[in-house]
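Printed here is my_file_16.txt (compact mmCIF, C-alpha atoms):
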```txt
# COMPACT_ATOMS: atom_id res chain seq x y z
CA MET A 1 8.37 10.64 -14.23
CA ASP A 2 5.65 8.12 -14.92
CA THR A 3 3.31 7.09 -12.12
CA MET A 4 2.84 3.66 -10.58
CA ARG A 5 -0.38 3.28 -12.51
CA ASP A 6 1.36 4.27 -15.76
CA ARG A 7 3.66 1.32 -15.13
CA PHE A 8 0.85 -1.10 -14.26
CA ALA A 9 -0.72 -1.78 -17.69
CA PRO A 10 2.57 -2.29 -19.61
CA VAL A 11 3.94 -4.63 -16.93
CA VAL A 12 0.79 -6.75 -16.73
CA THR A 13 0.48 -6.77 -20.54
CA ARG A 14 3.96 -8.31 -20.71
CA LEU A 15 2.94 -10.86 -18.09
CA LEU A 16 -0.11 -11.75 -20.20
CA ASP A 17 2.20 -12.44 -23.13
CA GLU A 18 4.65 -14.44 -21.01
CA ASP A 19 2.31 -16.55 -18.86
CA PRO A 20 -0.85 -18.23 -20.20
CA ARG A 21 -2.23 -18.41 -16.63
CA VAL A 22 -2.42 -14.63 -16.23
CA ALA A 23 -5.78 -12.94 -16.78
CA VAL A 24 -6.98 -9.36 -16.26
CA VAL A 25 -10.40 -8.30 -15.01
CA LEU A 26 -11.46 -4.65 -15.29
CA ALA A 27 -14.53 -2.60 -14.43
CA GLU A 28 -14.19 0.14 -17.09
CA ILE A 29 -11.50 2.02 -15.15
CA GLY A 30 -8.12 1.40 -16.78
CA ALA A 31 -9.59 -0.42 -19.78
CA ASP A 32 -7.87 1.84 -22.33
CA GLY A 33 -4.47 0.69 -21.11
CA PHE A 34 -5.31 -2.90 -22.01
CA ALA A 35 -6.86 -2.29 -25.46
CA GLU A 36 -4.01 -3.94 -27.37
CA ALA A 37 -3.71 -6.75 -24.81
CA ARG A 38 -7.41 -7.44 -25.20
CA ARG A 39 -6.99 -7.80 -28.97
CA ARG A 40 -4.18 -10.30 -28.44
CA HIS A 41 -5.79 -12.17 -25.54
CA PRO A 42 -9.57 -11.70 -25.81
CA ASP A 43 -10.23 -14.69 -23.56
CA ARG A 44 -7.97 -13.42 -20.78
CA VAL A 45 -8.73 -9.67 -20.68
CA VAL A 46 -12.30 -9.11 -19.49
CA ASN A 47 -14.11 -5.82 -18.84
CA VAL A 48 -17.24 -6.45 -16.74
CA GLY A 49 -18.47 -2.86 -16.93
CA ILE A 50 -19.32 -0.77 -13.87
CA ARG A 51 -19.98 -3.84 -11.73
CA GLU A 52 -17.41 -3.98 -8.96
CA GLN A 53 -18.95 -6.96 -7.16
CA LEU A 54 -18.84 -8.89 -10.43
CA LEU A 55 -15.23 -7.77 -10.92
CA VAL A 56 -14.17 -9.69 -7.81
CA GLY A 57 -16.56 -12.59 -8.43
CA ALA A 58 -15.30 -13.06 -11.99
CA ALA A 59 -11.69 -12.98 -10.77
CA ALA A 60 -12.49 -15.65 -8.18
CA GLY A 61 -14.14 -17.81 -10.81
CA MET A 62 -11.10 -17.53 -13.05
CA ALA A 63 -8.86 -18.50 -10.14
CA LEU A 64 -10.93 -21.61 -9.52
CA THR A 65 -10.28 -22.69 -13.13
CA GLY A 66 -6.50 -22.40 -12.64
CA LEU A 67 -5.89 -18.87 -13.94
CA ARG A 68 -4.00 -16.16 -12.08
CA PRO A 69 -6.37 -13.16 -12.27
CA VAL A 70 -5.36 -9.53 -11.79
CA ALA A 71 -8.34 -7.31 -10.91
CA HIS A 72 -8.01 -3.53 -11.12
CA THR A 73 -9.97 -0.41 -10.26
CA PHE A 74 -9.90 2.42 -7.72
CA ALA A 75 -9.29 1.28 -4.13
CA SER A 76 -12.74 2.32 -2.93
CA PHE A 77 -14.34 0.21 -5.68
CA LEU A 78 -11.94 -2.72 -5.32
CA VAL A 79 -11.87 -3.32 -1.57
CA GLU A 80 -14.72 -1.40 0.05
CA ARG A 81 -17.65 -1.66 -2.35
CA PRO A 82 -17.26 -5.42 -3.12
CA PHE A 83 -15.94 -6.39 0.32
CA GLU A 84 -18.45 -9.23 0.69
CA GLN A 85 -17.16 -10.77 -2.54
CA VAL A 86 -13.55 -10.31 -1.39
CA LYS A 87 -14.45 -12.09 1.86
CA LEU A 88 -16.53 -14.91 0.35
CA ASP A 89 -15.64 -15.40 -3.31
CA LEU A 90 -11.90 -15.23 -2.65
CA GLY A 91 -11.40 -15.94 1.05
CA HIS A 92 -14.14 -18.47 1.80
CA GLN A 93 -13.67 -20.24 -1.54
CA GLY A 94 -9.91 -20.44 -1.05
CA ALA A 95 -9.31 -18.67 -4.36
CA GLY A 96 -6.26 -16.53 -5.00
CA ALA A 97 -6.10 -13.30 -6.98
CA VAL A 98 -4.09 -10.11 -7.32
CA LEU A 99 -6.10 -6.97 -6.53
CA VAL A 100 -4.38 -3.84 -7.85
CA SER A 101 -5.86 -0.52 -6.79
CA ALA A 102 -5.43 3.09 -7.78
CA ALA A 103 -6.31 6.44 -6.17
CA ALA A 104 -5.02 5.35 -2.72
CA SER A 105 -6.32 7.39 0.24
CA PHE A 106 -6.92 10.72 -1.49
CA ASP A 107 -5.05 10.80 -4.81
CA TRP A 108 -8.07 12.31 -6.58
CA PRO A 109 -9.61 14.78 -4.13
CA ALA A 110 -11.93 16.21 -6.79
CA GLY A 111 -13.69 12.84 -6.90
CA GLY A 112 -14.85 13.31 -3.32
CA TYR A 113 -15.07 10.76 -0.55
CA THR A 114 -16.53 8.09 -2.85
CA HIS A 115 -13.13 7.94 -4.53
CA MET A 116 -11.04 7.89 -1.35
CA ALA A 117 -10.11 4.74 0.56
CA PRO A 118 -7.96 5.41 3.62
CA GLY A 119 -9.45 2.33 5.31
CA ASP A 120 -8.65 -0.27 2.64
CA VAL A 121 -5.67 -1.94 4.35
CA ALA A 122 -7.42 -1.92 7.74
CA LEU A 123 -10.45 -3.56 6.14
CA LEU A 124 -8.34 -6.32 4.59
CA ASP A 125 -6.82 -6.85 8.04
CA THR A 126 -10.15 -8.34 9.11
CA LEU A 127 -9.50 -11.22 6.70
CA ASP A 128 -6.94 -13.99 6.87
CA GLY A 129 -4.01 -14.67 4.60
CA TRP A 130 -3.62 -11.48 2.56
CA THR A 131 -0.28 -10.15 1.38
CA VAL A 132 -0.30 -6.34 1.06
CA HIS A 133 2.27 -4.40 -0.97
CA VAL A 134 2.48 -0.59 -0.76
CA PRO A 135 5.17 0.56 -3.22
CA GLY A 136 6.61 4.04 -2.91
CA HIS A 137 7.91 4.43 -6.48
CA PRO A 138 6.98 3.14 -9.97
CA ASP A 139 10.09 0.93 -10.09
CA GLU A 140 9.07 -0.69 -6.82
CA ALA A 141 5.53 -1.08 -8.12
CA GLU A 142 6.82 -3.02 -11.13
CA THR A 143 8.88 -5.33 -8.91
CA LEU A 144 6.03 -5.93 -6.50
CA LEU A 145 3.49 -6.51 -9.28
CA ARG A 146 5.73 -9.25 -10.63
CA HIS A 147 6.09 -10.71 -7.13
CA ALA A 148 2.32 -10.66 -6.71
CA VAL A 149 1.51 -12.39 -9.97
CA ALA A 150 4.19 -15.01 -9.37
CA ALA A 151 2.96 -15.73 -5.84
CA GLY A 152 1.29 -19.06 -6.65
CA ASP A 153 -2.38 -18.86 -5.72
CA ASP A 154 -1.96 -16.35 -2.89
CA LYS A 155 -4.32 -13.48 -2.20
CA VAL A 156 -2.35 -10.27 -2.82
CA TYR A 157 -3.29 -6.59 -2.68
CA VAL A 158 -1.05 -4.06 -4.46
CA ARG A 159 -1.85 -0.46 -3.49
CA LEU A 160 -0.76 1.99 -6.20
CA SER A 161 -0.60 5.77 -5.69
CA THR A 162 0.23 8.89 -7.65
CA GLN A 163 2.26 9.99 -4.61
CA SER A 164 5.82 8.80 -4.96
CA ASN A 165 9.28 9.06 -3.47
CA ALA A 166 11.97 10.63 -5.65
CA ARG A 167 13.75 7.34 -6.29
CA GLY A 168 13.01 3.67 -6.00
CA LEU A 169 14.87 1.28 -3.72
CA PRO A 170 15.48 -2.46 -4.10
CA VAL A 171 12.53 -4.32 -2.58
CA ASP A 172 12.04 -8.04 -2.04
CA GLY A 173 8.33 -8.29 -1.27
CA GLU A 174 9.03 -9.44 2.28
CA ARG A 175 11.28 -7.44 4.58
CA PHE A 176 11.60 -3.88 5.82
CA ARG A 177 14.70 -2.06 4.62
CA THR A 178 16.92 -0.04 6.98
CA VAL A 179 17.66 3.35 5.42
CA ARG A 180 18.95 5.23 8.48
CA GLU A 181 20.26 4.14 11.88
CA GLY A 182 19.87 5.86 15.24
CA ARG A 183 19.53 5.15 18.95
CA SER A 184 16.49 7.11 20.14
CA GLY A 185 13.58 5.42 18.43
CA THR A 186 12.46 3.54 15.34
CA VAL A 187 10.33 5.06 12.58
CA VAL A 188 8.66 2.79 10.03
CA ALA A 189 7.88 4.71 6.83
CA VAL A 190 5.42 2.95 4.54
CA GLY A 191 5.53 3.36 0.76
CA PRO A 192 5.30 6.94 -0.52
CA THR A 193 5.80 8.46 2.96
CA LEU A 194 9.54 7.71 2.96
CA ASP A 195 10.85 10.99 1.52
CA ALA A 196 8.79 13.06 3.97
CA VAL A 197 9.93 10.89 6.87
CA LEU A 198 13.60 11.20 5.89
CA ASP A 199 13.28 14.97 5.59
CA ALA A 200 11.39 15.15 8.88
CA THR A 201 13.95 13.09 10.78
CA GLU A 202 17.05 14.77 9.36
CA GLY A 203 19.38 15.33 12.32
CA LEU A 204 17.24 13.23 14.69
CA ASP A 205 18.90 10.21 16.29
CA VAL A 206 16.36 7.64 15.04
CA THR A 207 16.39 4.51 12.91
CA VAL A 208 14.21 4.66 9.80
CA LEU A 209 12.84 1.46 8.32
CA TYR A 210 11.23 1.45 4.88
CA ALA A 211 8.23 -0.83 4.40
CA THR A 212 6.75 -1.65 1.00
CA THR A 213 5.24 -4.97 2.10
CA VAL A 214 3.15 -4.46 5.23
CA ARG A 215 1.35 -7.81 5.38
CA PRO A 216 2.78 -10.10 6.51
CA PHE A 217 4.26 -7.54 8.92
CA ASP A 218 8.04 -7.86 9.26
CA ALA A 219 8.05 -8.45 13.02
CA ALA A 220 11.61 -9.78 13.00
CA GLY A 221 12.88 -6.70 11.18
CA LEU A 222 11.21 -4.38 13.67
CA ARG A 223 12.61 -6.35 16.61
CA ARG A 224 16.14 -6.18 15.18
CA ALA A 225 15.89 -2.42 14.74
CA THR A 226 14.57 -1.78 18.23
CA GLY A 227 17.42 -3.82 19.67
CA THR A 228 19.75 -0.86 19.12
CA ALA A 229 17.34 2.03 18.53
CA GLY A 230 15.11 1.45 21.54
CA THR A 231 11.47 0.46 21.70
CA ASP A 232 9.78 3.78 20.98
CA VAL A 233 8.22 3.05 17.58
CA VAL A 234 6.47 5.45 15.19
CA LEU A 235 4.52 4.04 12.24
CA VAL A 236 3.93 6.46 9.35
CA GLU A 237 1.35 4.97 6.98
CA PRO A 238 -0.31 6.57 3.92
CA TYR A 239 -3.70 5.17 4.94
CA LEU A 240 -5.74 5.03 8.16
CA ALA A 241 -3.64 6.05 11.18
CA GLY A 242 -2.98 3.14 13.49
CA THR A 243 -3.60 0.41 10.92
CA SER A 244 -0.39 -1.43 11.89
CA THR A 245 -0.13 -0.55 15.57
CA ALA A 246 -1.49 -3.96 16.63
CA ALA A 247 1.09 -5.71 14.44
CA ALA A 248 3.89 -3.63 15.97
CA ASN A 249 2.59 -4.29 19.47
CA ASP A 250 2.51 -8.03 18.77
CA ALA A 251 6.08 -7.92 17.45
CA LEU A 252 7.28 -6.33 20.71
CA ALA A 253 4.90 -8.07 23.10
CA ASP A 254 7.66 -9.42 25.36
CA VAL A 255 9.45 -6.09 25.91
CA PRO A 256 8.29 -2.73 27.31
CA HIS A 257 7.54 -0.45 24.35
CA ARG A 258 5.51 2.47 23.05
CA VAL A 259 3.91 2.75 19.60
CA LEU A 260 2.58 5.86 17.86
CA GLY A 261 0.53 5.40 14.69
CA LEU A 262 0.51 8.31 12.24
CA GLY A 263 -1.50 8.36 9.04
CA VAL A 264 -4.80 9.48 7.60
CA GLY A 265 -7.27 10.62 10.28
CA ARG A 266 -10.79 9.28 10.66
CA ALA A 267 -12.46 12.66 10.21
CA GLU A 268 -13.84 13.16 6.70
CA LEU A 269 -12.45 16.30 5.07
CA ARG A 270 -15.38 17.66 3.09
CA ARG A 271 -13.48 20.33 1.16
CA TYR A 272 -12.01 18.54 -1.81
CA GLY A 273 -8.81 20.59 -1.99
CA ARG A 274 -5.50 19.33 -3.37
CA VAL A 275 -3.42 16.30 -2.48
CA ASP A 276 -0.82 18.41 -0.65
CA GLU A 277 -3.59 20.03 1.41
CA HIS A 278 -4.87 16.62 2.45
CA VAL A 279 -1.32 15.56 3.36
CA ALA A 280 -0.94 18.62 5.60
CA ALA A 281 -4.42 18.28 7.12
CA HIS A 282 -3.60 14.73 8.22
CA GLY A 283 -0.24 15.75 9.66
CA LEU A 284 1.81 13.86 7.09
CA ASP A 285 3.80 16.87 5.87
CA VAL A 286 7.45 17.27 6.87
CA ARG A 287 6.88 19.93 9.52
CA SER A 288 4.12 18.03 11.29
CA LEU A 289 5.97 14.72 11.12
CA ARG A 290 9.11 16.23 12.63
CA ALA A 291 7.16 17.70 15.54
CA ARG A 292 5.25 14.51 16.22
CA ILE A 293 8.16 12.08 15.79
CA GLY A 294 10.59 14.25 17.74
CA GLY A 295 8.08 14.86 20.51
CA PHE A 296 7.24 11.17 20.89
CA THR A 297 10.78 9.78 20.79
CA GLY A 298 12.55 12.69 22.43
CA ALA A 299 15.10 12.52 19.65
CA GLY A 300 14.71 16.22 18.92
CA ARG A 301 15.49 17.39 22.46
CA PRO A 302 19.06 18.27 23.46
CA ALA A 303 20.78 15.83 25.79
CA PRO A 304 20.80 16.90 29.45
CA ALA A 305 23.94 18.68 30.58
CA GLU A 306 26.41 16.62 32.58
CA THR A 307 26.83 17.57 36.19
```
Once more with this new file: its structure as structure tokens, please.
Amino acid sequence: MDTMRDRFAPVVTRLLDEDPRVAVVLAEIGADGFAEARRRHPDRVVNVGIREQLLVGAAAGMALTGLRPVAHTFASFLVERPFEQVKLDLGHQGAGAVLVSAAASFDWPAGGYTHMAPGDVALLDTLDGWTVHVPGHPDEAETLLRHAVAAGDDKVYVRLSTQSNARGLPVDGERFRTVREGRSGTVVAVGPTLDAVLDATEGLDVTVLYATTVRPFDAAGLRRATGTAGTDVVLVEPYLAGTSTAAANDALADVPHRVLGLGVGRAELRRYGRVDEHVAAHGLDVRSLRARIGGFTGAGRPAPAET
């Protein structure tokens, strides 16, 4: 199966052909995938070299001229390194762009911590007005990329990963999707965590919501689910643990509730290892998720005997 990033260049190349507003800004990474597009659209496919701050600044400048720029590189180089430009050149200037990342939290462990970005979504949360898509499958990535480019002049972040669920689901770029219903808690699985969450909650009496768009947070969808499943909520996110706990708390502010945020821990793992080893170390493997979700919601405990 191809990866989300394999799907990215062909999809955006087609959008370049279809829409004269679309432009692509690269910083060396991913440039080979746009070689043919650059020959066809030399004025709208720009490689700024290894200059990530310029990557964002150039995209903002294009947006101010009426183009719809798509900027792409690894997450750590797209959100963290040029964060001042994201804040000022896009946010302060009121310019819209589509930022499309790769490498996610730890997709390339051999690259070390410079190539890992578990805090990218939390960092964007300090800014106003961002839409954040976290697809869990290449098909979903294609749909959400098209949503992002078509989203007027909005500021949109699309977080691509090599980690993927086995199959894609229909996504609309707005709402959470109910994939399992229960009565002893609600679990929100974000993007590529869905398969592990479904395996981990097999036989547990919990509702599972699938989230591929996490900002804006679907507060109404969470409230609907907790109406029947109860207000114990577990968030399973493929980035910094607890990133969305404040959003969940706000959604349920008028009812008693508990929220547990699971995701990538703050401690830096200095042994590069493999992706699956990082997943296990952060407690995002099936066994760990089952223990933590079942323990928090009580869904894994037998019902008390009647007397």
- [ ] Tell me which protein, DNA and RNA residues are within 8 Å of Pro238 of chain A, counting all atoms listed in the file, leaving out same-chain ones fewer than 5 positions away, and put them as a PyMOL selection string.
- [x] chain A and resi 105+118+190-193+263-264
Task: Sel. within 12 Å of pt (0.2, -9.5, -7.7), counting only C-alpha atoms, output as a ChimeraX atom specification - done: /A:8,11-12,15,22-24,68-72,96-101,130-134,141-160,173,213
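Proximity to Gly30 of chain A at 12 Å, evaluated using only C-alpha atoms and with sequence-adjacent residues fewer than 3 positions away removed, yields Arg5, Asp6, Arg7, Phe8, Ala9, Pro10, Val24, Val25, Leu26, Ala27, Gly33, Phe34, Ala35, Val45, Val46, Asn47, Gly49, Ile50, Ala71, His72, Thr73, Phe74, Val100, Ser101, Ala102 and Ala103 of chain A.
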Output C-alpha atoms for every residue in that selection, as a short mmCIF file (atom, residue, chain, number, x, y, z; two decimals), keeping the file's coordinate frame.
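Contents of again.cif, as written:
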```
data_model
loop_
_atom_site.label_atom_id
_atom_site.label_comp_id
_atom_site.auth_asym_id
_atom_site.auth_seq_id
_atom_site.Cartn_x
_atom_site.Cartn_y
_atom_site.Cartn_z
CA ARG A 5 -0.38 3.28 -12.51
CA ASP A 6 1.36 4.27 -15.76
CA ARG A 7 3.66 1.32 -15.13
CA PHE A 8 0.85 -1.10 -14.26
CA ALA A 9 -0.72 -1.78 -17.69
CA PRO A 10 2.57 -2.29 -19.61
CA VAL A 24 -6.98 -9.36 -16.26
CA VAL A 25 -10.40 -8.30 -15.01
CA LEU A 26 -11.46 -4.65 -15.29
CA ALA A 27 -14.53 -2.60 -14.43
CA GLY A 33 -4.47 0.69 -21.11
CA PHE A 34 -5.31 -2.90 -22.01
CA ALA A 35 -6.86 -2.29 -25.46
CA VAL A 45 -8.73 -9.67 -20.68
CA VAL A 46 -12.30 -9.11 -19.49
CA ASN A 47 -14.11 -5.82 -18.84
CA GLY A 49 -18.47 -2.86 -16.93
CA ILE A 50 -19.32 -0.77 -13.87
CA ALA A 71 -8.34 -7.31 -10.91
CA HIS A 72 -8.01 -3.53 -11.12
CA THR A 73 -9.97 -0.41 -10.26
CA PHE A 74 -9.90 2.42 -7.72
CA VAL A 100 -4.38 -3.84 -7.85
CA SER A 101 -5.86 -0.52 -6.79
CA ALA A 102 -5.43 3.09 -7.78
CA ALA A 103 -6.31 6.44 -6.17
#
```
Task: Pairwise distance for atom CA of Gly136 of chain A and atom CA of Leu123 of chain A, rounded to one decimal in Å - done: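 The value is 20.8 Å.
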TODO: Find, counting only C-alpha atoms, the residue in A:Ala225, A:Ile29, A:Leu194, A:Val275 that gets nearest to Ala104 of chain A.
DONE: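 For Ala104 of chain A, the nearest of the given residues is A:Val275.
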Using only C-alpha atoms, which residues sit within 7 Å of Leu260 of chain A once same-chain residues fewer than 6 positions away are excluded, as a short mmCIF file (atom, residue, chain, number, x, y, z; two decimals) with C-alpha atoms, keeping the file's coordinate frame?
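Result file selection-v4.cif:
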```cif
data_model
loop_
_atom_site.label_atom_id
_atom_site.label_comp_id
_atom_site.auth_asym_id
_atom_site.auth_seq_id
_atom_site.Cartn_x
_atom_site.Cartn_y
_atom_site.Cartn_z
CA VAL A 233 8.22 3.05 17.58
CA VAL A 234 6.47 5.45 15.19
CA LEU A 235 4.52 4.04 12.24
#
```
Open item on the list: Under the rule that all atoms listed in the file are counted, which of A:Asp43, A:Asp250, A:Asp107, A:Glu84 is the nearest residue to Tyr272 of chain A?
Closed with: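 Comparing A:Asp43, A:Asp250, A:Asp107, A:Glu84 against Tyr272 of chain A, the winner is A:Asp107.
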- [ ] Give the answer as one residue: which of A:Arg270, A:Arg287, A:His278, A:Arg258 has the shortest atom-to-atom distance to Asp199 of chain A, using all atoms listed in the file?
- [x] A:Arg287
Open item on the list: Quick check, in Å to one decimal: how far apart do atom CA of Ser164 of chain A and atom CA of Asp195 of chain A lie?
Closed with: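 So the two atoms, atom CA of Ser164 of chain A and atom CA of Asp195 of chain A, lie 8.5 Å apart.
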Open item on the list: Calculated over only C-alpha atoms, which of the candidates A:His92, A:Arg177, A:Arg271, A:Arg223 has the smallest distance to Leu209 of chain A?
Closed with: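 Of A:His92, A:Arg177, A:Arg271, A:Arg223, the one nearest Leu209 of chain A, counting only C-alpha atoms, is A:Arg177.
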TODO: Extract, using only C-alpha atoms, all DNA, RNA and protein residues at most 12 Å from Gly227 of chain A, discarding same-chain residues fewer than 6 positions from it, and format them as JSON, numbers by chain.
DONE: {"A": [181, 182, 183, 184, 185, 186, 207, 220, 221, 233, 252, 255, 256, 257]}
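Taking all atoms listed in the file into account, Pro42 of chain A lies nearest to A:Leu16 out of the set A:Leu127, A:Phe176, A:His115, A:Leu16.
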Task: Proximity to Thr162 of chain A - best of A:Phe106, A:Val121, A:Gly273, A:Arg290, only C-alpha atoms - done: A:Phe106
TODO: To one decimal in Å, tell me the separation between atom CA of Trp108 of chain A and atom CA of Val286 of chain A.
DONE: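 About the pair atom CA of Trp108 of chain A and atom CA of Val286 of chain A: they are 21.1 Å apart.
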Task: Gln85 of chain A environment, 7 Å, only C-alpha atoms, sequence neighbours closer than 4 positions dropped, as number ranges by chain - done: A: 53, 56-57, 89-90
